[in-house]
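Structure file query-v3.txt with compact mmCIF, C-alpha atoms:
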```
# COMPACT_ATOMS: atom_id res chain seq x y z
CA MET A 1 -13.75 0.42 109.65
CA SER A 2 -16.65 2.66 110.54
CA ILE A 3 -17.45 5.80 108.59
CA GLU A 4 -19.99 8.36 109.70
CA VAL A 5 -21.96 9.78 106.79
CA ARG A 6 -23.96 13.01 107.01
CA VAL A 7 -26.93 12.94 104.70
CA PRO A 8 -28.62 16.09 103.31
CA THR A 9 -32.38 16.62 103.66
CA ILE A 10 -33.04 15.78 100.01
CA LEU A 11 -31.60 12.26 100.39
CA ARG A 12 -33.12 11.39 103.75
CA SER A 13 -36.06 9.73 102.04
CA TYR A 14 -33.57 6.91 101.39
CA THR A 15 -32.32 6.72 104.98
CA GLY A 16 -35.67 6.62 106.74
CA GLY A 17 -35.21 10.26 107.69
CA LEU A 18 -31.82 9.71 109.31
CA LYS A 19 -29.42 12.64 109.16
CA VAL A 20 -26.36 10.60 110.10
CA VAL A 21 -25.76 7.01 109.03
CA THR A 22 -22.80 4.66 109.38
CA GLY A 23 -21.16 2.61 106.67
CA THR A 24 -17.96 0.76 105.90
CA GLY A 25 -15.46 0.78 103.06
CA ASP A 26 -11.86 1.56 102.16
CA SER A 27 -12.87 4.07 99.50
CA ILE A 28 -15.84 6.29 98.66
CA ALA A 29 -16.89 3.76 96.00
CA ASP A 30 -16.85 0.91 98.57
CA LEU A 31 -18.68 3.03 101.11
CA LEU A 32 -21.46 3.88 98.65
CA THR A 33 -21.82 0.22 97.72
CA ASN A 34 -22.11 -0.66 101.41
CA LEU A 35 -24.59 2.13 102.07
CA ASP A 36 -26.74 1.00 99.16
CA THR A 37 -27.22 -2.41 100.79
CA GLN A 38 -28.54 -0.63 103.88
CA TYR A 39 -30.36 2.17 102.07
CA PRO A 40 -31.31 1.03 98.57
CA GLY A 41 -31.42 3.79 95.98
CA LEU A 42 -29.00 6.11 97.73
CA ARG A 43 -26.03 5.17 95.56
CA ALA A 44 -27.88 5.93 92.33
CA ARG A 45 -28.43 9.49 93.53
CA LEU A 46 -24.69 9.97 93.96
CA ILE A 47 -23.21 8.06 91.03
CA THR A 48 -24.08 8.46 87.36
CA GLU A 49 -24.95 5.62 85.01
CA GLU A 50 -21.44 6.03 83.58
CA GLY A 51 -20.04 5.32 87.04
CA GLY A 52 -18.74 8.77 87.99
CA LEU A 53 -19.63 10.99 90.89
CA HIS A 54 -22.77 13.00 90.14
CA LYS A 55 -22.19 16.69 89.49
CA PHE A 56 -25.31 17.53 91.51
CA VAL A 57 -23.67 16.53 94.78
CA ASN A 58 -20.61 17.53 96.73
CA VAL A 59 -19.00 14.73 98.75
CA TYR A 60 -16.43 15.52 101.39
CA ILE A 61 -14.09 13.40 103.49
CA ASN A 62 -13.65 15.40 106.67
CA ASP A 63 -12.80 18.88 105.31
CA GLU A 64 -11.84 17.93 101.74
CA ASP A 65 -13.96 17.73 98.61
CA VAL A 66 -13.38 14.21 97.22
CA ARG A 67 -12.95 15.69 93.74
CA PHE A 68 -9.51 16.75 94.98
CA LEU A 69 -8.80 13.32 96.51
CA GLY A 70 -9.46 11.00 93.59
CA ALA A 71 -13.27 11.17 93.59
CA LEU A 72 -14.75 7.68 94.02
CA ASP A 73 -11.26 6.23 94.55
CA ALA A 74 -10.63 8.54 97.50
CA LYS A 75 -9.36 6.48 100.44
CA LEU A 76 -11.14 6.27 103.76
CA ASN A 77 -9.75 5.70 107.22
CA ASP A 78 -11.53 4.48 110.30
CA GLY A 79 -13.22 7.42 112.01
CA ASP A 80 -13.48 9.60 108.91
CA THR A 81 -16.63 11.63 108.44
CA VAL A 82 -18.18 11.85 105.00
CA THR A 83 -20.52 14.74 104.29
CA VAL A 84 -22.85 14.85 101.31
CA LEU A 85 -24.32 18.19 100.26
CA PRO A 86 -26.43 19.06 97.23
CA ALA A 87 -24.26 21.16 94.91
CA VAL A 88 -25.50 24.72 94.70
CA ALA A 89 -24.97 25.85 91.14
CA GLY A 90 -26.81 26.90 88.02
CA GLY A 91 -26.86 29.28 85.14
CA MET B 1 -44.77 33.14 99.86
CA LEU B 2 -41.33 34.38 100.83
CA THR B 3 -41.28 36.89 103.68
CA ILE B 4 -37.95 38.69 103.86
CA ASP B 5 -36.55 41.64 105.73
CA ALA B 6 -35.92 44.74 103.59
CA ALA B 7 -32.35 45.14 104.86
CA ILE B 8 -31.50 41.56 103.86
CA LEU B 9 -33.08 41.98 100.43
CA ASP B 10 -31.19 45.24 99.95
CA ALA B 11 -27.93 43.45 100.84
CA ILE B 12 -28.67 40.71 98.29
CA VAL B 13 -29.41 43.27 95.57
CA ALA B 14 -26.24 45.20 96.49
CA HIS B 15 -24.21 41.98 96.20
CA ALA B 16 -25.71 41.25 92.78
CA ARG B 17 -24.95 44.79 91.61
CA ARG B 18 -21.42 44.64 92.97
CA ASP B 19 -20.59 41.43 91.08
CA HIS B 20 -22.35 42.42 87.85
CA PRO B 21 -21.69 41.42 85.05
CA ASP B 22 -20.69 38.14 86.77
CA GLU B 23 -23.42 36.19 88.52
CA ALA B 24 -23.55 36.57 92.29
CA CYS B 25 -24.77 33.90 94.70
CA GLY B 26 -25.39 33.29 98.35
CA LEU B 27 -27.92 32.25 100.92
CA VAL B 28 -29.95 33.48 103.82
CA ALA B 29 -29.96 31.16 106.80
CA GLY B 30 -32.70 30.81 109.36
CA PRO B 31 -33.68 28.47 112.18
CA VAL B 32 -34.59 24.98 110.93
CA GLY B 33 -38.29 24.79 110.12
CA SER B 34 -38.91 28.49 110.76
CA ASP B 35 -39.14 29.53 107.11
CA THR B 36 -37.66 32.83 108.34
CA PRO B 37 -34.53 34.06 106.56
CA SER B 38 -32.50 35.94 109.17
CA ARG B 39 -28.77 35.76 108.39
CA HIS B 40 -27.41 36.79 104.99
CA ILE B 41 -24.29 35.01 103.78
CA ALA B 42 -22.80 36.20 100.50
CA MET B 43 -20.91 33.34 98.86
CA ALA B 44 -18.12 33.40 96.31
CA ASN B 45 -19.12 32.34 92.81
CA ALA B 46 -16.41 29.74 92.16
CA ALA B 47 -17.29 29.84 88.44
CA ARG B 48 -16.71 33.64 88.22
CA SER B 49 -18.92 33.67 85.18
CA MET B 50 -21.58 35.79 83.51
CA THR B 51 -23.62 32.67 82.72
CA PHE B 52 -22.94 30.20 85.55
CA TYR B 53 -22.62 30.18 89.30
CA GLU B 54 -21.38 27.64 91.76
CA PHE B 55 -20.80 27.78 95.51
CA ASP B 56 -17.12 27.29 96.27
CA SER B 57 -17.13 23.76 97.69
CA THR B 58 -14.78 24.44 100.62
CA GLU B 59 -16.55 27.63 101.66
CA TYR B 60 -19.90 25.86 101.30
CA LEU B 61 -18.87 23.03 103.66
CA ARG B 62 -17.65 25.54 106.25
CA VAL B 63 -20.84 27.58 106.02
CA TRP B 64 -23.04 24.49 106.14
CA ARG B 65 -21.30 23.22 109.29
CA ASP B 66 -21.81 26.58 110.92
CA LEU B 67 -25.51 26.46 109.99
CA ASP B 68 -25.79 22.95 111.35
CA ASP B 69 -24.14 23.96 114.65
CA ARG B 70 -26.65 26.81 114.99
CA ASP B 71 -29.63 24.59 114.04
CA GLU B 72 -30.10 26.68 110.92
CA GLU B 73 -30.76 25.78 107.30
CA PRO B 74 -30.64 27.67 104.00
CA VAL B 75 -34.06 29.37 103.91
CA VAL B 76 -33.20 31.39 100.81
CA ILE B 77 -30.71 30.46 98.10
CA TYR B 78 -30.14 33.31 95.70
CA HIS B 79 -28.24 34.07 92.56
CA SER B 80 -28.30 36.71 89.88
CA HIS B 81 -28.92 36.67 86.17
CA THR B 82 -27.02 39.50 84.61
CA ALA B 83 -28.40 39.48 81.06
CA THR B 84 -31.72 37.66 81.35
CA GLU B 85 -34.90 37.76 83.41
CA ALA B 86 -35.15 36.55 87.00
CA TYR B 87 -36.53 33.14 86.08
CA PRO B 88 -34.81 29.79 86.77
CA SER B 89 -32.84 28.41 83.84
CA ARG B 90 -32.88 24.73 82.98
CA THR B 91 -29.53 24.38 84.71
CA ASP B 92 -30.89 26.10 87.83
CA ILE B 93 -33.74 23.60 87.92
CA SER B 94 -31.54 20.55 87.41
CA TYR B 95 -29.26 21.56 90.29
CA ALA B 96 -31.93 22.66 92.77
CA GLY B 97 -31.21 20.37 95.72
CA TRP B 98 -32.71 22.12 98.73
CA PRO B 99 -36.45 21.44 98.43
CA GLN B 100 -37.35 23.49 101.50
CA ALA B 101 -35.51 26.58 100.25
CA HIS B 102 -36.85 29.63 98.49
CA TYR B 103 -34.87 30.11 95.30
CA LEU B 104 -34.52 33.84 94.87
CA LEU B 105 -33.44 35.22 91.51
CA VAL B 106 -32.19 38.74 90.98
CA SER B 107 -31.87 40.19 87.50
CA THR B 108 -29.40 43.02 87.05
CA ARG B 109 -29.81 43.30 83.28
CA GLU B 110 -31.49 46.71 83.63
CA PRO B 111 -29.16 49.29 85.19
CA ALA B 112 -31.92 51.29 86.88
CA THR B 113 -34.25 48.61 88.17
CA THR B 114 -33.62 45.25 89.76
CA GLU B 115 -36.07 42.43 89.24
CA VAL B 116 -36.41 40.10 92.23
CA ARG B 117 -38.55 36.95 92.05
CA SER B 118 -38.84 33.87 94.21
CA TYR B 119 -39.55 30.22 93.43
CA ARG B 120 -39.93 26.82 94.94
CA ILE B 121 -38.11 24.19 92.93
CA VAL B 122 -39.05 20.64 93.96
CA ASP B 123 -38.39 17.55 91.85
CA GLY B 124 -37.80 19.70 88.78
CA VAL B 125 -41.07 21.59 89.16
CA VAL B 126 -40.84 25.38 89.42
CA THR B 127 -43.53 27.29 91.30
CA GLU B 128 -43.29 31.04 91.50
CA GLU B 129 -44.33 32.61 94.79
CA SER B 130 -44.92 36.14 96.00
CA VAL B 131 -42.29 38.09 97.91
CA LYS B 132 -43.36 40.05 100.97
CA VAL B 133 -40.82 42.60 102.14
CA VAL B 134 -41.06 43.50 105.81
CA ASN B 135 -39.52 46.16 108.06
CA ALA B 136 -38.95 48.46 105.15
CA THR B 137 -38.38 52.09 106.04
CA ALA B 138 -39.15 54.96 103.65
CA ASP B 139 -39.94 52.53 100.89
CA PRO B 140 -40.63 53.42 97.37
CA PRO B 141 -44.11 51.93 96.71
CA SER B 142 -42.63 49.53 94.18
CA ARG B 143 -40.74 47.63 96.84
CA GLN B 144 -43.98 46.34 98.31
CA ARG B 145 -44.95 44.78 95.02
CA THR B 146 -44.97 41.05 94.74
CA VAL B 147 -44.66 38.69 91.79
CA PRO B 148 -42.49 40.08 90.47
CA ALA B 149 -41.05 42.43 93.03
CA SER B 150 -39.26 45.24 91.28
CA ILE B 151 -36.94 47.38 93.28
CA GLN B 152 -36.18 50.92 92.17
CA GLU B 153 -32.54 51.65 92.63
```

Show me, as structure tokens, the structure contained in the file I just sent.
Amino acid sequence: MSIEVRVPTILRSYTGGLKVVTGTGDSIADLLTNLDTQYPGLRARLITEEGGLHKFVNVYINDEDVRFLGALDAKLNDGDTVTVLPAVAGG
Amino acid sequence: MLTIDAAILDAIVAHARRDHPDEACGLVAGPVGSDTPSRHIAMANAARSMTFYEFDSTEYLRVWRDLDDRDEEPVVIYHSHTATEAYPSRTDISYAGWPQAHYLLVSTREPATTEVRSYRIVDGVVTEESVKVVNATADPPSRQRTVPASIQE
């Protein structure tokens, strides 16, 4: 189970500048836990203290926003690409 | 300082006017590291609101992939305020996630004049910057003004 993860500029301070990293997991939650062992601090930028997906980021599996796929419970398959983008929003 | 082509700035202002009283949003892409905004992309405001804006997540992914393929990045991220001044709100600051981008705000609250101001927003700190408009033809003098740039309609 290998998942390619595309990391936005703002989070590359956690990945040693890497734009693309690889992790494992059957769900987004598992993947983020795995990534955090490789890149400590990354998970906390994506998940709130209450344990939900942060509203300041968009996370996609292939072409789909994970909010439409069960959020952190969204299932992953070998070869999927996960893309993280900073949400662009405001008042 | 933000240096931006007059035609692109005019297109941004026209977008903001068109969507008024809802907030309009979009970006101007440019080559990575160039700090040169060259390709205007008007985005849908998924919130369709007078007080909030949000890039449609599916459209945003598609646009971002296209940028990435072209070795571009968002050089300018803009949105409008339709009843308040062109200054970042607390929500704008909390969401600002592209530290290398110029955050351009357009206020359409006055029917006759459009206020355009630009900011850097990094780690929650807002720094206003001047706006230099280039390649303008037959400009009203006001368009050359910076901080804040005010465009006569």

Write out as a Markdown table a residue-level contact list of chain A versus chain B with cut-off 10 Å: for each qualifying residue the closest pair of atoms and the distance in Å to one decimal, counting only C-alpha atoms, rows sorted by chain and residue number upward.
```
| residue | atom | partner | partner_atom | distance |
| --- | --- | --- | --- | --- |
| A:Pro8 | CA | B:Trp98 | CA | 8.6 |
| A:Thr9 | CA | B:Trp98 | CA | 7.4 |
| A:Ile10 | CA | B:Trp98 | CA | 6.5 |
| A:Leu11 | CA | B:Gly97 | CA | 9.4 |
| A:Lys55 | CA | B:Tyr95 | CA | 8.6 |
| A:Phe56 | CA | B:Tyr95 | CA | 5.8 |
| A:Val57 | CA | B:Gly97 | CA | 8.5 |
| A:Asn58 | CA | B:Ser57 | CA | 7.2 |
| A:Val59 | CA | B:Ser57 | CA | 9.3 |
| A:Tyr60 | CA | B:Leu61 | CA | 8.2 |
| A:Asn62 | CA | B:Leu61 | CA | 9.7 |
| A:Asp63 | CA | B:Leu61 | CA | 7.5 |
| A:Glu64 | CA | B:Thr58 | CA | 7.2 |
| A:Asp65 | CA | B:Ser57 | CA | 6.9 |
| A:Arg67 | CA | B:Ser57 | CA | 9.9 |
| A:Thr83 | CA | B:Leu61 | CA | 8.5 |
| A:Val84 | CA | B:Leu61 | CA | 9.4 |
| A:Leu85 | CA | B:Leu61 | CA | 8.0 |
| A:Pro86 | CA | B:Gly97 | CA | 5.2 |
| A:Ala87 | CA | B:Tyr95 | CA | 6.8 |
| A:Val88 | CA | B:Phe55 | CA | 5.7 |
| A:Ala89 | CA | B:Glu54 | CA | 4.1 |
| A:Gly90 | CA | B:Asp92 | CA | 4.2 |
| A:Gly91 | CA | B:Phe52 | CA | 4.0 |
```

Let me see the file: selected residues, C-alpha atoms, as a CSV table (one decimal), in the frame of the given file.
```
chain,number,residue,atom,x,y,z
A,8,PRO,CA,-28.6,16.1,103.3
A,9,THR,CA,-32.4,16.6,103.7
A,10,ILE,CA,-33.0,15.8,100.0
A,11,LEU,CA,-31.6,12.3,100.4
A,55,LYS,CA,-22.2,16.7,89.5
A,56,PHE,CA,-25.3,17.5,91.5
A,57,VAL,CA,-23.7,16.5,94.8
A,58,ASN,CA,-20.6,17.5,96.7
A,59,VAL,CA,-19.0,14.7,98.8
A,60,TYR,CA,-16.4,15.5,101.4
A,62,ASN,CA,-13.6,15.4,106.7
A,63,ASP,CA,-12.8,18.9,105.3
A,64,GLU,CA,-11.8,17.9,101.7
A,65,ASP,CA,-14.0,17.7,98.6
A,67,ARG,CA,-13.0,15.7,93.7
A,83,THR,CA,-20.5,14.7,104.3
A,84,VAL,CA,-22.8,14.8,101.3
A,85,LEU,CA,-24.3,18.2,100.3
A,86,PRO,CA,-26.4,19.1,97.2
A,87,ALA,CA,-24.3,21.2,94.9
A,88,VAL,CA,-25.5,24.7,94.7
A,89,ALA,CA,-25.0,25.8,91.1
A,90,GLY,CA,-26.8,26.9,88.0
A,91,GLY,CA,-26.9,29.3,85.1
```

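Taking CA of Val106 (chain B) as the reference point, CA of Ala86 (chain B) is found at 5.4 Å.
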
Open item on the list: Need to verify the contact set: Leu31 (chain A), 10 Å, only C-alpha atoms, exclusion of same-chain residues closer than 3 positions in sequence. Can you return it as a ChimeraX atom specification?
Closed with: /A:2-3,5,22-28,34-36,43,72,75-76,82

Using the file's own x, y and z axes, what box holds all listed atoms of region 47-56 of chain A with 6 Å on each side, keeping edges along x, y and z, and what are its centre and edge lengths in Å to one decimal, as JSON?
```
{"center_x": -22.0, "center_y": 11.4, "center_z": 87.5, "size_x": 18.6, "size_y": 24.2, "size_z": 19.9}
```

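We find CA of Asp80 (chain A) and CA of Glu59 (chain B) to be spaced 19.7 Å apart.
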
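Between CA of Arg17 (chain B) and CA of Thr137 (chain B) there is a distance of 21.0 Å.
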
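Once Ser34 (chain B) and its same-chain neighbours fewer than 3 positions away are set aside, B:Leu2, B:Thr3, B:Ala29, B:Gly30, B:Pro31, B:Pro37, B:Ser38, B:Asp71, B:Glu72, B:Glu73, B:Pro74, B:Val75, B:Val76, B:Gln100, B:Ala101 remain within 12 Å of it when counting all atoms listed in the file.
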
TODO: For Val133 (chain B), list every protein, DNA or RNA residue within 6 Å, evaluated using all atoms listed in the file, and leave out those in the same chain fewer than 2 positions away; present the list as a PyMOL selection string.
DONE: chain B and resi 3-6

Open item on the list: Which residues are near Thr108 (chain B)? Cut-off 9 Å, only C-alpha atoms, ignore same chain within fewer than 3 positions. Put them as number ranges by chain.
Closed with: B: 13, 16-17, 20-21, 80-86, 111-115

Save the residues we just selected, C-alpha atoms, as a short mmCIF file (atom, residue, chain, number, x, y, z; two decimals), in the coordinates of the input?
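Okay, part-v2.cif is ready:
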```
data_model
loop_
_atom_site.label_atom_id
_atom_site.label_comp_id
_atom_site.auth_asym_id
_atom_site.auth_seq_id
_atom_site.Cartn_x
_atom_site.Cartn_y
_atom_site.Cartn_z
CA VAL B 13 -29.41 43.27 95.57
CA ALA B 16 -25.71 41.25 92.78
CA ARG B 17 -24.95 44.79 91.61
CA HIS B 20 -22.35 42.42 87.85
CA PRO B 21 -21.69 41.42 85.05
CA SER B 80 -28.30 36.71 89.88
CA HIS B 81 -28.92 36.67 86.17
CA THR B 82 -27.02 39.50 84.61
CA ALA B 83 -28.40 39.48 81.06
CA THR B 84 -31.72 37.66 81.35
CA GLU B 85 -34.90 37.76 83.41
CA ALA B 86 -35.15 36.55 87.00
CA PRO B 111 -29.16 49.29 85.19
CA ALA B 112 -31.92 51.29 86.88
CA THR B 113 -34.25 48.61 88.17
CA THR B 114 -33.62 45.25 89.76
CA GLU B 115 -36.07 42.43 89.24
#
```

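With distances taken over all atoms listed in the file, B:His102 is the one residue among B:His102, B:His15, B:Arg39, B:Arg70 lying closest to Val126 (chain B).
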
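Of the residues under consideration (A:Arg45, A:Phe68, A:Glu50, A:Asp73), A:Arg45 shows the shortest atom-to-atom contact distance to Tyr14 (chain A) when counting all atoms listed in the file.
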
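Compared by their closest atoms to Ser13 (chain A), and using all atoms listed in the file, the residues A:Leu53, A:Leu32, A:Leu69, A:Leu42 rank with A:Leu42 nearest.
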